[in-house]
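Shown next, in structure tokens, is the structure this report addresses.
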Amino acid sequence: MKKPSDLKTSGLCAVHDCYKTPLFRVNSGGPIEQALAQASDLLGLATKFAEDAAFERNTDRPAWAAHHLTAMGRAVVDDVAAVIREQKAST
């Protein structure tokens, strides 16, 4: 079994399908520990934007920022989860 520090992203998870074609995708080959740290940053920013959206009534920009950041963070987490599931299945 590989150590977590040896596992890499698969590049299978997409962000924002555009007419059923992925517009953005998680790159393969990234260390999963760093990928999860990046996902945490994205989701932390999304939380702040969502909070701003709850109080800001004259614009929807914070809500859309939260939406896109959440989608990116989720794609990274889903990609890492797929790598871990695959690793467990192969052992």
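Letters for chains follow the order of the structure tokens (A, B, ...), residue numbers begin at 1 for each chain, and ligand numbers begin at 1 in the order shown.
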Applying 7 Å and only C-alpha atoms, which residues near range 62-67 of chain A remain after dropping the ones on its own chain fewer than 3 positions away? List them as a PDB file with N, CA and C atoms, in the first residue's frame.
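That gives us out.pdb:
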ATOM      1  N   ALA A  46     -14.902  30.152  -0.036  1.00  0.00           N
ATOM      2  CA  ALA A  46     -16.319  30.035  -0.377  1.00  0.00           C
ATOM      3  C   ALA A  46     -17.188  30.334   0.831  1.00  0.00           C
ATOM      4  N   THR A  47     -16.771  29.870   1.998  1.00  0.00           N
ATOM      5  CA  THR A  47     -17.510  30.139   3.228  1.00  0.00           C
ATOM      6  C   THR A  47     -17.589  31.634   3.494  1.00  0.00           C
ATOM      7  N   PHE A  49     -17.299  34.080   1.246  1.00  0.00           N
ATOM      8  CA  PHE A  49     -18.158  34.710   0.241  1.00  0.00           C
ATOM      9  C   PHE A  49     -19.633  34.419   0.507  1.00  0.00           C
ATOM     10  N   ALA A  50     -19.943  33.192   0.950  1.00  0.00           N
ATOM     11  CA  ALA A  50     -21.338  32.862   1.269  1.00  0.00           C
ATOM     12  C   ALA A  50     -21.841  33.721   2.423  1.00  0.00           C
ATOM     13  N   ASP A  52     -20.709  36.729   3.170  1.00  0.00           N
ATOM     14  CA  ASP A  52     -20.902  38.060   2.593  1.00  0.00           C
ATOM     15  C   ASP A  52     -22.220  38.136   1.819  1.00  0.00           C
ATOM     16  N   ALA A  53     -22.529  37.067   1.069  1.00  0.00           N
ATOM     17  CA  ALA A  53     -23.762  37.041   0.268  1.00  0.00           C
ATOM     18  C   ALA A  53     -25.003  37.108   1.152  1.00  0.00           C
ATOM     19  N   THR A  70     -16.832  26.647  -4.417  1.00  0.00           N
ATOM     20  CA  THR A  70     -17.316  25.383  -3.872  1.00  0.00           C
ATOM     21  C   THR A  70     -17.207  24.272  -4.911  1.00  0.00           C
ATOM     22  N   ALA A  71     -17.558  24.564  -6.146  1.00  0.00           N
ATOM     23  CA  ALA A  71     -17.460  23.568  -7.210  1.00  0.00           C
ATOM     24  C   ALA A  71     -16.015  23.132  -7.429  1.00  0.00           C
TER      25      ALA A  71
END
(request) Using DSSP on the backbone coordinates, identify the residues of range 19-91 of chain A assigned to alpha helix (DSSP H); present them as an MDAnalysis selection string. (result) chainID A and resid 32:55 61:89
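For the choices A:Val80, A:Leu43, A:Ala89, A:Val26, the atom-to-atom distance to Gly11 in chain A is smallest for A:Val26 when using only C-alpha atoms.
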Need to verify the contact set: Asn27 in chain A, 12 Å, only C-alpha atoms, exclusion of same-chain residues closer than 2 positions in sequence. Can you return it as a PDB file with N, CA and C atoms, in the first residue's frame?
ATOM      1  N   LYS A   8      -1.188  10.495  -5.932  1.00  0.00           N
ATOM      2  CA  LYS A   8      -1.328  11.661  -6.816  1.00  0.00           C
ATOM      3  C   LYS A   8      -2.761  11.773  -7.310  1.00  0.00           C
ATOM      4  N   THR A   9      -3.167  12.977  -7.652  1.00  0.00           N
ATOM      5  CA  THR A   9      -4.502  13.180  -8.196  1.00  0.00           C
ATOM      6  C   THR A   9      -4.641  12.431  -9.521  1.00  0.00           C
ATOM      7  N   SER A  10      -5.892  12.053  -9.832  1.00  0.00           N
ATOM      8  CA  SER A  10      -6.137  11.258 -11.040  1.00  0.00           C
ATOM      9  C   SER A  10      -6.496  12.113 -12.251  1.00  0.00           C
ATOM     10  N   GLY A  11      -7.032  13.284 -12.016  1.00  0.00           N
ATOM     11  CA  GLY A  11      -7.459  14.138 -13.120  1.00  0.00           C
ATOM     12  C   GLY A  11      -8.795  13.730 -13.714  1.00  0.00           C
ATOM     13  N   LEU A  12      -9.579  12.935 -12.987  1.00  0.00           N
ATOM     14  CA  LEU A  12     -10.851  12.449 -13.504  1.00  0.00           C
ATOM     15  C   LEU A  12     -12.028  13.377 -13.208  1.00  0.00           C
ATOM     16  N   CYS A  13     -11.896  14.240 -12.224  1.00  0.00           N
ATOM     17  CA  CYS A  13     -13.041  15.055 -11.794  1.00  0.00           C
ATOM     18  C   CYS A  13     -13.033  16.416 -12.478  1.00  0.00           C
ATOM     19  N   ALA A  14     -14.182  16.759 -13.014  1.00  0.00           N
ATOM     20  CA  ALA A  14     -14.335  18.003 -13.762  1.00  0.00           C
ATOM     21  C   ALA A  14     -15.080  19.040 -12.935  1.00  0.00           C
ATOM     22  N   VAL A  15     -14.922  20.275 -13.345  1.00  0.00           N
ATOM     23  CA  VAL A  15     -15.635  21.400 -12.743  1.00  0.00           C
ATOM     24  C   VAL A  15     -16.444  22.063 -13.847  1.00  0.00           C
ATOM     25  N   PHE A  24     -13.412  22.760 -17.005  1.00  0.00           N
ATOM     26  CA  PHE A  24     -12.199  22.706 -16.200  1.00  0.00           C
ATOM     27  C   PHE A  24     -12.101  21.326 -15.584  1.00  0.00           C
ATOM     28  N   ARG A  25     -10.883  20.898 -15.271  1.00  0.00           N
ATOM     29  CA  ARG A  25     -10.661  19.574 -14.706  1.00  0.00           C
ATOM     30  C   ARG A  25      -9.493  19.651 -13.718  1.00  0.00           C
ATOM     31  N   GLY A  29      -1.662  13.956 -11.359  1.00  0.00           N
ATOM     32  CA  GLY A  29      -0.272  13.952 -10.932  1.00  0.00           C
ATOM     33  C   GLY A  29       0.071  14.867  -9.779  1.00  0.00           C
ATOM     34  N   GLY A  30      -0.909  15.560  -9.237  1.00  0.00           N
ATOM     35  CA  GLY A  30      -0.648  16.439  -8.093  1.00  0.00           C
ATOM     36  C   GLY A  30      -0.644  15.647  -6.795  1.00  0.00           C
ATOM     37  N   PRO A  31       0.242  15.956  -5.876  1.00  0.00           N
ATOM     38  CA  PRO A  31       0.238  15.264  -4.579  1.00  0.00           C
ATOM     39  C   PRO A  31      -1.084  15.496  -3.856  1.00  0.00           C
ATOM     40  N   ILE A  32      -1.712  14.414  -3.369  1.00  0.00           N
ATOM     41  CA  ILE A  32      -3.046  14.574  -2.788  1.00  0.00           C
ATOM     42  C   ILE A  32      -3.027  15.401  -1.509  1.00  0.00           C
ATOM     43  N   ALA A  35      -3.215  18.830  -2.726  1.00  0.00           N
ATOM     44  CA  ALA A  35      -4.525  19.037  -3.342  1.00  0.00           C
ATOM     45  C   ALA A  35      -5.582  19.289  -2.270  1.00  0.00           C
ATOM     46  N   MET A  72     -15.085  24.077  -7.383  1.00  0.00           N
ATOM     47  CA  MET A  72     -13.669  23.723  -7.556  1.00  0.00           C
ATOM     48  C   MET A  72     -13.170  22.886  -6.386  1.00  0.00           C
ATOM     49  N   ALA A  75     -14.536  19.332  -6.622  1.00  0.00           N
ATOM     50  CA  ALA A  75     -13.865  18.528  -7.648  1.00  0.00           C
ATOM     51  C   ALA A  75     -12.541  17.979  -7.127  1.00  0.00           C
ATOM     52  N   VAL A  76     -11.802  18.793  -6.407  1.00  0.00           N
ATOM     53  CA  VAL A  76     -10.525  18.329  -5.844  1.00  0.00           C
ATOM     54  C   VAL A  76     -10.770  17.229  -4.815  1.00  0.00           C
ATOM     55  N   ASP A  79     -11.843  14.033  -6.511  1.00  0.00           N
ATOM     56  CA  ASP A  79     -10.709  13.407  -7.186  1.00  0.00           C
ATOM     57  C   ASP A  79      -9.836  12.651  -6.185  1.00  0.00           C
ATOM     58  N   VAL A  80      -9.525  13.290  -5.072  1.00  0.00           N
ATOM     59  CA  VAL A  80      -8.708  12.647  -4.039  1.00  0.00           C
ATOM     60  C   VAL A  80      -9.434  11.425  -3.470  1.00  0.00           C
TER      61      VAL A  80
END
(request) May I ask which of the residues A:Arg74, A:Thr91, A:Pro4, A:Val83 is the closest one to Gly44 in chain A, counting only C-alpha atoms? (result)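 Of A:Arg74, A:Thr91, A:Pro4, A:Val83, the one nearest Gly44 in chain A, counting only C-alpha atoms, is A:Arg74.
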